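Below: the structure, in structure tokens.
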Amino acid sequence: MKTMTCKQLGGACDVEFHADTFEEMADQSKRHGKKMFQSGDEGHLQAMNEMQELMQIPDAMTEWFENKRKEFDALPEND
Ligand SMILES: [Zn+2]
């Protein structure tokens, strides 16, 4: 298992996600972000806006994703 925080994944808080794969990690982060977005959390609203701006730039999102994947790969395992 590896651990990443909401902030590390482009979010706004220090909630930790634990997963074996980057896909799983990204999925947990996405679900959390959606929940926070729906509850109207200001920090997460802003983080989501920034993410949407990034999506306007061709390949920026892919690059961002790949960088996060590398970050994930470099993390030590913890259980
Ligand atoms: Zn968060």
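A note on labels: chains of the structure tokens are A, B, ... as shown, every chain counts residues from 1, and ligands are counted from 1 in their shown order.
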>> Which residues are close to range 31-43 of chain A, i.e. within 12 Å by only C-alpha atoms, leaving aside same-chain residues fewer than 5 positions away? Reply as a list of chain:residue names.
In response: A:Thr5, A:Cys6, A:Lys7, A:Leu9, A:Gly10, A:Gly11, A:Ala12, A:Cys13, A:Asp14, A:Val15, A:Glu16, A:Phe17, A:Glu24, A:Met25, A:Ala26, A:Met48, A:Asn49, A:Glu50, A:Met51
Export, as a PDB file, in the first residue's frame, the selected residues with C-alpha atoms.
ATOM      1  CA  THR A   5      -2.759  13.135   0.395  1.00  0.00           C
ATOM      2  CA  CYS A   6      -5.566  15.039  -1.256  1.00  0.00           C
ATOM      3  CA  LYS A   7      -3.153  17.991  -1.685  1.00  0.00           C
ATOM      4  CA  LEU A   9      -3.206  14.825  -5.899  1.00  0.00           C
ATOM      5  CA  GLY A  10      -4.217  18.367  -6.769  1.00  0.00           C
ATOM      6  CA  GLY A  11      -6.821  18.712  -4.024  1.00  0.00           C
ATOM      7  CA  ALA A  12      -7.064  21.006  -1.065  1.00  0.00           C
ATOM      8  CA  CYS A  13      -6.821  19.104   2.221  1.00  0.00           C
ATOM      9  CA  ASP A  14      -4.642  16.612   4.079  1.00  0.00           C
ATOM     10  CA  VAL A  15      -6.954  13.613   3.847  1.00  0.00           C
ATOM     11  CA  GLU A  16      -4.891  10.506   3.112  1.00  0.00           C
ATOM     12  CA  PHE A  17      -5.658   7.899   0.480  1.00  0.00           C
ATOM     13  CA  GLU A  24      -6.996   3.161  -7.408  1.00  0.00           C
ATOM     14  CA  MET A  25      -5.392   6.180  -5.773  1.00  0.00           C
ATOM     15  CA  ALA A  26      -6.698   8.522  -8.468  1.00  0.00           C
ATOM     16  CA  MET A  48     -11.334  21.848  -9.153  1.00  0.00           C
ATOM     17  CA  ASN A  49     -11.418  25.155 -11.043  1.00  0.00           C
ATOM     18  CA  GLU A  50      -7.650  25.061 -11.385  1.00  0.00           C
ATOM     19  CA  MET A  51      -7.873  21.507 -12.654  1.00  0.00           C
TER      20      MET A  51
END
>> For the structure I just gave you, how does DSSP split chain A - specifically, which residues are alpha helix (DSSP H)? Reply as a ChimeraX atom specification.
In response: /A:22-38,42-56,60-74
Would you mind listing what lies within 10 Å of range 69-78 of chain A as an mmCIF file with N, CA, C and O atoms, in the first residue's frame, with only C-alpha atoms counted and same-chain residues fewer than 2 positions away left out?
data_model
loop_
_atom_site.group_PDB
_atom_site.id
_atom_site.type_symbol
_atom_site.label_atom_id
_atom_site.label_comp_id
_atom_site.auth_asym_id
_atom_site.auth_seq_id
_atom_site.Cartn_x
_atom_site.Cartn_y
_atom_site.Cartn_z
ATOM 1 N N MET A 1 0.833 -1.206 0.000
ATOM 2 C CA MET A 1 0.000 0.000 0.000
ATOM 3 C C MET A 1 0.867 1.255 0.000
ATOM 4 O O MET A 1 1.900 1.308 0.644
ATOM 5 N N LYS A 2 0.407 2.254 -0.714
ATOM 6 C CA LYS A 2 1.080 3.542 -0.686
ATOM 7 C C LYS A 2 0.100 4.614 -0.241
ATOM 8 O O LYS A 2 -1.105 4.438 -0.334
ATOM 9 N N THR A 3 0.646 5.702 0.266
ATOM 10 C CA THR A 3 -0.190 6.761 0.803
ATOM 11 C C THR A 3 0.066 8.082 0.085
ATOM 12 O O THR A 3 1.220 8.462 -0.128
ATOM 13 N N MET A 4 -0.996 8.758 -0.303
ATOM 14 C CA MET A 4 -0.870 10.107 -0.851
ATOM 15 C C MET A 4 -1.976 10.959 -0.248
ATOM 16 O O MET A 4 -3.021 10.446 0.136
ATOM 17 N N GLN A 8 -1.523 16.385 -2.462
ATOM 18 C CA GLN A 8 -0.549 15.827 -3.408
ATOM 19 C C GLN A 8 -1.196 15.488 -4.740
ATOM 20 O O GLN A 8 -0.549 15.473 -5.774
ATOM 21 N N LEU A 9 -2.496 15.220 -4.686
ATOM 22 C CA LEU A 9 -3.206 14.825 -5.899
ATOM 23 C C LEU A 9 -4.013 15.990 -6.477
ATOM 24 O O LEU A 9 -4.997 15.798 -7.172
ATOM 25 N N HIS A 18 -5.109 5.564 0.583
ATOM 26 C CA HIS A 18 -4.212 4.400 0.602
ATOM 27 C C HIS A 18 -4.595 3.462 -0.531
ATOM 28 O O HIS A 18 -5.752 3.059 -0.632
ATOM 29 N N ALA A 19 -3.635 3.132 -1.387
ATOM 30 C CA ALA A 19 -3.940 2.248 -2.506
ATOM 31 C C ALA A 19 -2.700 1.512 -2.984
ATOM 32 O O ALA A 19 -1.576 1.926 -2.714
ATOM 33 N N ASP A 20 -2.944 0.424 -3.688
ATOM 34 C CA ASP A 20 -1.844 -0.380 -4.244
ATOM 35 C C ASP A 20 -1.454 0.096 -5.630
ATOM 36 O O ASP A 20 -0.326 -0.091 -6.061
ATOM 37 N N THR A 21 -2.404 0.673 -6.346
ATOM 38 C CA THR A 21 -2.109 1.138 -7.701
ATOM 39 C C THR A 21 -2.457 2.616 -7.829
ATOM 40 O O THR A 21 -3.277 3.147 -7.068
ATOM 41 N N PHE A 22 -1.833 3.245 -8.795
ATOM 42 C CA PHE A 22 -2.087 4.664 -9.008
ATOM 43 C C PHE A 22 -3.540 4.906 -9.456
ATOM 44 O O PHE A 22 -4.154 5.887 -9.058
ATOM 45 N N GLU A 23 -4.054 3.964 -10.250
ATOM 46 C CA GLU A 23 -5.441 4.095 -10.722
ATOM 47 C C GLU A 23 -6.406 4.135 -9.547
ATOM 48 O O GLU A 23 -7.341 4.936 -9.520
ATOM 49 N N MET A 25 -5.666 4.945 -6.489
ATOM 50 C CA MET A 25 -5.392 6.180 -5.773
ATOM 51 C C MET A 25 -6.141 7.346 -6.420
ATOM 52 O O MET A 25 -6.814 8.129 -5.750
ATOM 53 N N ALA A 26 -6.042 7.436 -7.733
ATOM 54 C CA ALA A 26 -6.698 8.522 -8.468
ATOM 55 C C ALA A 26 -8.211 8.431 -8.321
ATOM 56 O O ALA A 26 -8.898 9.452 -8.202
ATOM 57 N N GLU A 63 0.066 15.125 -18.985
ATOM 58 C CA GLU A 63 1.373 15.358 -18.380
ATOM 59 C C GLU A 63 1.268 15.381 -16.859
ATOM 60 O O GLU A 63 2.079 14.788 -16.151
ATOM 61 N N TRP A 64 0.237 16.068 -16.360
ATOM 62 C CA TRP A 64 0.001 16.154 -14.928
ATOM 63 C C TRP A 64 -0.172 14.752 -14.349
ATOM 64 O O TRP A 64 0.414 14.396 -13.341
ATOM 65 N N PHE A 65 -0.990 13.963 -15.034
ATOM 66 C CA PHE A 65 -1.292 12.604 -14.610
ATOM 67 C C PHE A 65 -0.025 11.749 -14.566
ATOM 68 O O PHE A 65 0.195 10.999 -13.619
ATOM 69 N N GLU A 66 0.791 11.873 -15.593
ATOM 70 C CA GLU A 66 2.018 11.090 -15.659
ATOM 71 C C GLU A 66 3.000 11.491 -14.559
ATOM 72 O O GLU A 66 3.682 10.658 -13.984
ATOM 73 N N ASN A 67 3.064 12.791 -14.270
ATOM 74 C CA ASN A 67 3.920 13.260 -13.182
ATOM 75 C C ASN A 67 3.475 12.683 -11.839
ATOM 76 O O ASN A 67 4.297 12.288 -11.019
#
> So how far away is CA of Ala60 in chain A from CA of Ala47 in chain A, in Å?
Replying inline: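 Spanning CA of Ala47 in chain A to CA of Ala60 in chain A is a straight-line distance of 15.5 Å.
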> Just how far from CA of Ser29 in chain A is CA of Lys68 in chain A, in Å to one decimal?
Replying inline: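 Interatomic distance, CA of Lys68 in chain A to CA of Ser29 in chain A: 12.1 Å.
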> With distances taken over only C-alpha atoms and all ligand atoms, which of A:Asp27, A:Leu54, A:His44, A:Asp59 is nearest to ligand 1?
Replying inline: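 Looking only at the distances to ligand 1, the closest residue turns out to be A:His44.
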> as a PyMOL selection string, which residues of chain A does DSSP assign to strand (DSSP E)?
Replying inline: chain A and resi 2-5+16-19
